[in-house]
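Trainee: What follows is coords.txt, compact mmCIF, C-alpha atoms.
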```
# COMPACT_ATOMS: atom_id res chain seq x y z
CA MET A 139 3.15 -19.77 9.94
CA ILE A 140 1.92 -16.21 9.61
CA VAL A 141 1.02 -14.16 6.55
CA ASP A 142 1.91 -10.51 7.06
CA GLY A 143 -0.80 -8.76 5.08
CA HIS A 144 0.73 -5.29 5.20
CA HIS A 145 4.31 -4.06 5.17
CA HIS A 146 6.45 -1.64 3.19
CA LEU A 147 9.93 -1.24 1.74
CA TRP A 148 11.59 1.99 0.65
CA ASP A 149 14.87 3.69 -0.15
CA PRO A 150 15.13 7.49 0.18
CA ALA A 151 18.19 7.39 -2.10
CA VAL A 152 16.00 6.14 -4.97
CA ARG A 153 13.00 8.49 -4.76
CA ALA A 154 11.36 11.13 -2.61
CA TYR A 155 8.79 10.11 -0.02
CA PRO A 156 7.00 13.35 0.94
CA TRP A 157 5.26 11.74 3.91
CA LEU A 158 8.68 10.82 5.36
CA SER A 159 9.72 14.49 5.57
CA ASP A 160 8.06 14.93 8.98
CA ASP A 161 10.72 15.28 11.68
CA ALA A 162 8.91 12.69 13.78
CA LEU A 163 9.69 10.10 11.08
CA THR A 164 13.45 10.68 11.08
CA PRO A 165 14.15 7.31 12.79
CA ILE A 166 12.72 5.41 9.79
CA ARG A 167 14.08 7.68 7.05
CA ARG A 168 16.52 5.09 5.75
CA PRO A 169 16.46 2.17 3.30
CA TYR A 170 14.49 -0.95 4.22
CA THR A 171 15.09 -4.10 2.18
CA VAL A 172 13.80 -7.67 1.96
CA ALA A 173 16.89 -8.72 3.91
CA ASP A 174 15.89 -6.30 6.68
CA LEU A 175 12.37 -7.76 6.61
CA ARG A 176 13.69 -11.30 7.04
CA ALA A 177 15.83 -10.23 9.97
CA ALA A 178 13.08 -8.20 11.66
CA SER A 179 10.36 -10.84 11.34
CA GLY A 180 12.40 -13.49 13.08
CA GLY A 181 11.37 -16.50 11.01
CA ARG A 182 7.66 -16.57 11.93
CA ILE A 183 6.45 -15.19 8.62
CA ALA A 184 5.58 -17.56 5.76
CA ALA A 185 4.59 -14.88 3.25
CA THR A 186 3.94 -11.16 3.03
CA VAL A 187 2.01 -8.53 1.10
CA LEU A 188 4.15 -5.55 0.11
CA VAL A 189 2.11 -2.32 -0.02
CA GLN A 190 2.76 0.86 -2.02
CA THR A 191 4.15 3.95 -0.31
CA VAL A 192 3.93 6.66 -3.00
CA PRO A 193 1.66 7.29 -6.01
CA SER A 194 4.14 5.87 -8.50
CA ALA A 195 3.68 3.19 -11.15
CA ALA A 196 7.46 2.88 -11.23
CA GLU A 197 7.45 1.87 -7.56
CA THR A 198 4.81 -0.75 -8.33
CA GLU A 199 7.00 -2.21 -11.08
CA GLU A 200 9.99 -2.25 -8.73
CA PHE A 201 7.93 -3.98 -6.03
CA LEU A 202 6.82 -6.64 -8.50
CA ALA A 203 10.47 -7.26 -9.35
CA THR A 204 11.28 -7.41 -5.64
CA ALA A 205 8.54 -9.99 -5.15
CA ARG A 206 9.85 -12.12 -8.01
CA ALA A 207 13.33 -12.08 -6.47
CA SER A 208 12.21 -12.73 -2.87
CA GLY A 209 12.12 -16.51 -3.04
CA GLY A 210 8.40 -16.56 -2.28
CA LEU A 211 8.54 -14.40 0.85
CA VAL A 212 6.78 -11.45 -0.83
CA ALA A 213 3.78 -13.35 -2.15
CA GLY A 214 1.79 -10.33 -3.29
CA VAL A 215 2.04 -6.62 -4.05
CA VAL A 216 -0.60 -3.98 -3.44
CA GLY A 217 0.59 -1.39 -5.92
CA TRP A 218 -0.47 2.01 -7.17
CA LEU A 219 -1.91 2.99 -10.52
CA ASP A 220 -3.85 5.98 -11.73
CA LEU A 221 -7.46 5.04 -11.09
CA THR A 222 -8.69 7.77 -13.42
CA ARG A 223 -6.84 6.66 -16.57
CA PRO A 224 -9.23 5.49 -19.31
CA ASP A 225 -7.13 2.43 -20.14
CA ILE A 226 -6.93 1.20 -16.56
CA ALA A 227 -7.94 -2.36 -17.51
CA ASP A 228 -5.00 -2.61 -19.91
CA GLU A 229 -2.67 -1.20 -17.25
CA ILE A 230 -3.84 -3.79 -14.75
CA ASP A 231 -3.18 -6.55 -17.27
CA ARG A 232 0.28 -5.16 -18.01
CA LEU A 233 1.28 -4.96 -14.37
CA ARG A 234 -0.12 -8.39 -13.53
CA SER A 235 2.06 -9.88 -16.25
CA ASP A 236 5.13 -8.53 -14.41
CA GLY A 237 4.54 -10.23 -11.05
CA PRO A 238 2.13 -11.01 -8.23
CA LEU A 239 -0.01 -7.88 -8.27
CA VAL A 240 -2.85 -8.66 -5.85
CA GLY A 241 -4.29 -5.26 -5.08
CA VAL A 242 -4.27 -1.51 -5.66
CA ARG A 243 -4.10 1.35 -3.19
CA HIS A 244 -4.21 5.12 -3.40
CA GLN A 245 -3.37 7.29 -0.40
CA ALA A 246 -6.83 8.85 -0.20
CA GLN A 247 -5.98 10.10 3.29
CA ASP A 248 -3.65 12.65 1.64
CA GLU A 249 -6.13 13.98 -0.91
CA PRO A 250 -7.29 17.57 -0.23
CA ASP A 251 -10.84 16.56 -1.12
CA PRO A 252 -12.17 14.26 1.63
CA ALA A 253 -14.76 12.96 -0.84
CA TRP A 254 -12.12 11.98 -3.42
CA LEU A 255 -13.14 8.32 -3.27
CA ARG A 256 -16.65 9.26 -4.41
CA ARG A 257 -15.53 10.99 -7.61
CA PRO A 258 -17.12 9.24 -10.62
CA ASP A 259 -13.76 8.76 -12.38
CA VAL A 260 -12.29 7.26 -9.21
CA THR A 261 -15.19 4.90 -8.57
CA ARG A 262 -14.99 3.74 -12.20
CA GLY A 263 -11.34 2.96 -11.63
CA ILE A 264 -12.05 1.08 -8.40
CA ALA A 265 -14.71 -0.94 -10.20
CA ALA A 266 -12.12 -1.80 -12.85
CA VAL A 267 -9.75 -2.97 -10.13
CA GLY A 268 -12.40 -5.40 -8.94
CA ALA A 269 -13.19 -6.51 -12.48
CA GLY A 270 -9.50 -7.20 -12.94
CA GLY A 271 -9.55 -9.64 -10.04
CA LEU A 272 -7.69 -7.38 -7.61
CA ALA A 273 -8.49 -6.10 -4.13
CA TYR A 274 -8.68 -2.40 -3.34
CA ASP A 275 -7.03 -1.19 -0.13
CA ILE A 276 -8.77 1.70 1.61
CA LEU A 277 -6.37 4.09 3.36
CA VAL A 278 -8.30 6.81 5.19
CA ARG A 279 -8.42 8.87 8.33
CA ALA A 280 -11.49 10.37 9.96
CA PRO A 281 -12.25 13.01 7.26
CA GLN A 282 -12.32 10.41 4.46
CA ARG A 283 -14.24 7.67 6.28
CA PRO A 284 -17.73 8.75 5.07
CA ALA A 285 -16.58 8.63 1.44
CA ALA A 286 -14.98 5.24 2.02
CA LEU A 287 -18.23 3.89 3.45
CA ALA A 288 -20.26 5.27 0.55
CA THR A 289 -17.85 3.70 -1.93
CA ALA A 290 -17.97 0.30 -0.24
CA GLN A 291 -21.77 0.45 -0.22
CA ARG A 292 -22.16 1.48 -3.86
CA VAL A 293 -19.36 -0.19 -5.82
CA ASP A 294 -20.18 -3.85 -6.33
CA GLY A 295 -17.83 -6.68 -7.19
CA VAL A 296 -14.76 -5.33 -5.38
CA ARG A 297 -12.90 -6.91 -2.48
CA PHE A 298 -12.24 -3.92 -0.21
CA VAL A 299 -9.55 -4.05 2.48
CA VAL A 300 -9.60 -1.42 5.23
CA ASP A 301 -6.01 -0.55 6.14
CA HIS A 302 -5.13 0.00 9.80
CA ALA A 303 -8.76 -0.38 10.89
CA GLY A 304 -9.50 3.09 9.50
CA LYS A 305 -6.84 4.71 11.70
CA PRO A 306 -8.71 5.31 14.96
CA GLY A 307 -7.25 8.14 17.02
CA ILE A 308 -6.24 5.88 19.89
CA ALA A 309 -3.73 8.33 21.36
CA ALA A 310 -6.45 10.99 21.58
CA GLY A 311 -9.02 8.55 22.95
CA GLU A 312 -11.25 8.51 19.87
CA TRP A 313 -14.03 5.93 19.97
CA GLU A 314 -16.94 7.52 18.15
CA PRO A 315 -17.55 8.07 15.33
CA TRP A 316 -14.86 5.49 14.47
CA ALA A 317 -16.65 2.57 16.16
CA SER A 318 -19.94 3.19 14.35
CA TRP A 319 -18.08 3.54 11.06
CA VAL A 320 -16.39 0.15 11.58
CA THR A 321 -19.77 -1.42 12.27
CA ALA A 322 -21.20 0.11 9.11
CA MET A 323 -18.23 -1.00 7.01
CA ALA A 324 -18.61 -4.51 8.36
CA ARG A 325 -22.19 -4.61 7.07
CA CYS A 326 -20.79 -4.38 3.53
CA PRO A 327 -20.17 -8.00 2.56
CA GLY A 328 -17.19 -7.26 0.30
CA VAL A 329 -15.13 -5.55 3.00
CA VAL A 330 -12.41 -7.01 5.23
CA CYS A 331 -10.30 -5.16 7.80
CA LYS A 332 -6.61 -5.15 8.67
CA LEU A 333 -5.55 -5.48 12.28
CA SER A 334 -2.54 -3.31 11.58
CA GLY A 335 -1.03 0.06 12.37
CA LEU A 336 -2.67 0.32 15.78
CA VAL A 337 0.61 0.73 17.67
CA THR A 338 1.31 3.82 15.56
CA GLU A 339 -2.13 5.28 16.22
CA ALA A 340 -1.69 4.63 19.94
CA ALA A 341 1.69 6.42 19.91
CA GLY A 342 4.73 5.77 22.05
CA ASP A 343 3.03 4.79 25.30
CA TRP A 344 0.92 2.02 23.79
CA ASP A 345 0.17 -1.25 25.50
CA ALA A 346 -2.27 -4.10 24.95
CA THR A 347 -4.75 -2.64 27.43
CA ARG A 348 -5.14 0.57 25.40
CA ILE A 349 -5.34 -1.18 22.05
CA ARG A 350 -7.50 -4.18 22.99
CA PRO A 351 -10.90 -2.39 22.85
CA TYR A 352 -10.23 -1.31 19.27
CA ALA A 353 -9.07 -4.76 18.19
CA GLU A 354 -12.01 -6.43 19.92
CA HIS A 355 -14.46 -4.10 18.18
CA VAL A 356 -12.96 -4.90 14.79
CA LEU A 357 -13.11 -8.64 15.50
CA SER A 358 -16.67 -8.40 16.82
CA ALA A 359 -17.92 -6.33 13.89
CA PHE A 360 -16.23 -8.22 11.06
CA GLY A 361 -15.67 -11.68 12.50
CA ALA A 362 -12.24 -13.29 12.42
CA ASP A 363 -12.73 -14.64 8.91
CA ARG A 364 -12.83 -11.03 7.64
CA VAL A 365 -9.87 -9.71 9.65
CA LEU A 366 -6.19 -10.05 8.73
CA PHE A 367 -2.92 -9.31 10.46
CA GLY A 368 -0.49 -6.71 9.15
CA SER A 369 2.72 -5.59 10.81
CA ASP A 370 2.87 -2.18 9.10
CA TRP A 371 6.64 -2.63 9.30
CA PRO A 372 8.79 -0.55 9.17
CA VAL A 373 6.38 2.24 10.15
CA CYS A 374 5.76 0.30 13.37
CA GLU A 375 9.41 0.85 14.31
CA LEU A 376 8.46 4.35 15.38
CA THR A 377 6.89 2.81 18.47
CA GLY A 378 8.04 -0.81 18.58
CA ARG A 379 9.87 -3.64 16.86
CA TYR A 380 8.35 -6.18 14.52
CA ALA A 381 8.56 -8.71 17.35
CA ASP A 382 6.60 -6.35 19.61
CA VAL A 383 3.76 -6.15 17.07
CA LEU A 384 3.69 -9.93 16.76
CA ALA A 385 3.60 -10.30 20.55
CA LEU A 386 0.81 -7.74 20.80
CA THR A 387 -1.21 -9.55 18.13
CA ASP A 388 -0.76 -12.87 19.95
CA GLU A 389 -2.05 -11.20 23.12
CA LEU A 390 -5.02 -9.59 21.35
CA LEU A 391 -6.05 -12.97 19.95
CA VAL A 392 -6.03 -14.76 23.31
CA GLY A 393 -9.55 -16.10 23.67
CA CYS A 394 -9.98 -16.72 19.96
CA THR A 395 -10.38 -20.28 18.76
CA GLU A 396 -7.62 -21.93 16.76
CA SER A 397 -9.61 -21.47 13.56
CA GLU A 398 -10.16 -17.78 14.36
CA ARG A 399 -6.44 -17.29 15.00
CA ALA A 400 -5.65 -19.05 11.74
CA ALA A 401 -8.05 -16.75 9.90
CA VAL A 402 -6.52 -13.55 11.26
CA LEU A 403 -2.91 -14.71 11.00
CA SER A 404 -3.07 -16.34 7.58
CA ASP A 405 -6.30 -17.51 5.97
CA THR A 406 -8.08 -14.17 5.46
CA ALA A 407 -5.05 -12.60 3.78
CA ARG A 408 -4.62 -15.60 1.50
CA ALA A 409 -8.27 -15.46 0.52
CA VAL A 410 -8.74 -11.73 -0.03
CA TYR A 411 -5.47 -11.33 -1.94
CA ALA A 412 -5.70 -14.73 -3.69
CA LEU A 413 -2.23 -15.64 -2.48
CA PRO A 414 -0.70 -19.00 -3.39
```
Would you give me this structure, written as structure tokens?

Mentor:
Amino acid sequence: MIVDGHHHLWDPAVRAYPWLSDDALTPIRRPYTVADLRAASGGRIAATVLVQTVPSAAETEEFLATARASGGLVAGVVGWLDLTRPDIADEIDRLRSDGPLVGVRHQAQDEPDPAWLRRPDVTRGIAAVGAGGLAYDILVRAPQRPAALATAQRVDGVRFVVDHAGKPGIAAGEWEPWASWVTAMARCPGVVCKLSGLVTEAAGDWDATRIRPYAEHVLSAFGADRVLFGSDWPVCELTGRYADVLALTDELLVGCTESERAAVLSDTARAVYALP
């Protein structure tokens, strides 16, 4: 059974999602619930990690409640909290008491300052996340990748998780400098990488042939025991169904050993997020 290490839920009737305002995202501008997740995943998923969508502590609290009510399906939550607050350790303890908080993420890709991750107050907060026993998810595009690398190299004691393989511009044919950045990130022993979101980066005409070189580079650089599967559902519905992402992942892992497949599809996520 598979662990989906990266998916979302949202409800535009509850709060605003600025990133959903783009006209291209109209098809997914509707509520997505745990019931929808169960239906979309088709029974192959043993557990999931629910990931934040907006910089809101209230959303994190709601996600923790969702996890508690999910019957074990949502095994962990990567939430949001203000990394710069001086009492961040107390806030981590408070949130962990409410449910299975396993990680923290901030949408650094949306920060005007591409070096936001290198700010001293931010790096102190990330260090506190690690000290609190949580992983830190790195969400960046090309402009923020250098700062992400510097942070991974300099902040010790944190389990870093690269979301969506650093968002390579597959549709535009980007290879460098993304490929060298992945190699450099993989040299940092505390970093793992999500095999997720690639169908979105490849856009509507994606197929396994276009995506395979990127997946193979991630697997070669990190090794299967430091790579984990994520559906990025329901964002993936812009270009394909949940079942399509699962089928693509199965195809990308052809040639891997059984233990390597198990690592990508379950074991790495369980380890890095300390899932039950």

Trainee: CA of Ala205 in chain A and CA of Ala400 in chain A are how many Å apart?

Mentor: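 If I compute the distance from CA of Ala205 in chain A to CA of Ala400 in chain A, I get 23.8 Å.
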
Trainee: Let me make sure I understand: among A:Ala246, A:Val278, A:Val240, A:Ala266, which one has the smallest atom-to-atom distance to Pro224 in chain A if we use all atoms listed in the file?

Mentor: A:Ala266

Trainee: For His244 in chain A, work out the shell of residues within 10 Å, counting all atoms listed in the file and skipping chain neighbours fewer than 5 positions away, then give it as a compact mmCIF listing (two decimals) with C-alpha atoms, keeping the file's coordinate frame.

Mentor:
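Contents of selection06.txt, freshly written:
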```txt
# COMPACT_ATOMS: atom_id res chain seq x y z
CA GLN A 190 2.76 0.86 -2.02
CA THR A 191 4.15 3.95 -0.31
CA VAL A 192 3.93 6.66 -3.00
CA PRO A 193 1.66 7.29 -6.01
CA SER A 194 4.14 5.87 -8.50
CA VAL A 216 -0.60 -3.98 -3.44
CA GLY A 217 0.59 -1.39 -5.92
CA TRP A 218 -0.47 2.01 -7.17
CA LEU A 219 -1.91 2.99 -10.52
CA ASP A 220 -3.85 5.98 -11.73
CA LEU A 221 -7.46 5.04 -11.09
CA GLU A 249 -6.13 13.98 -0.91
CA LEU A 255 -13.14 8.32 -3.27
CA TYR A 274 -8.68 -2.40 -3.34
CA ASP A 275 -7.03 -1.19 -0.13
CA ILE A 276 -8.77 1.70 1.61
CA LEU A 277 -6.37 4.09 3.36
CA VAL A 278 -8.30 6.81 5.19
```

Trainee: Would you list the contacts of Arg256 in chain A as a list in words, taking every protein, DNA or RNA residue within 8 Å and counting all atoms listed in the file, but skipping same-chain residues closer than 6 positions in sequence?

Mentor: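 With the cut-off at 8 Å, the set is Ala285, Ala286, Ala288 and Thr289 of chain A.
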
Trainee: Please indicate the distance in Å from CA of Asp363 in chain A to CA of Ala401 in chain A, rounded to one decimal place.

Mentor: 5.2 Å

Trainee: Considering all atoms listed in the file, return as a ChimeraX atom specification whatever protein or nucleic-acid residues lie within 9 Å of range 144-151 of chain A, sequence-local ones (same chain, fewer than 6 positions apart) excluded.

Mentor: /A:158,167-172,175,186-191,201,216,301,332,334,367-373

Trainee: In Å, how far is it from CA of Gly328 in chain A to CA of Gly268 in chain A?

Mentor: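 For CA of Gly328 in chain A relative to CA of Gly268 in chain A, the distance reads 10.6 Å.
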
Trainee: Can you tell me which residues surround Ser397 in chain A at a distance of at most 10 Å, considering all atoms listed in the file, apart from same-chain residues fewer than 6 positions away, and format the answer as a list in words?

Mentor: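 Answer for this query is Ala362, Asp363, Leu403 and Asp405 of chain A.
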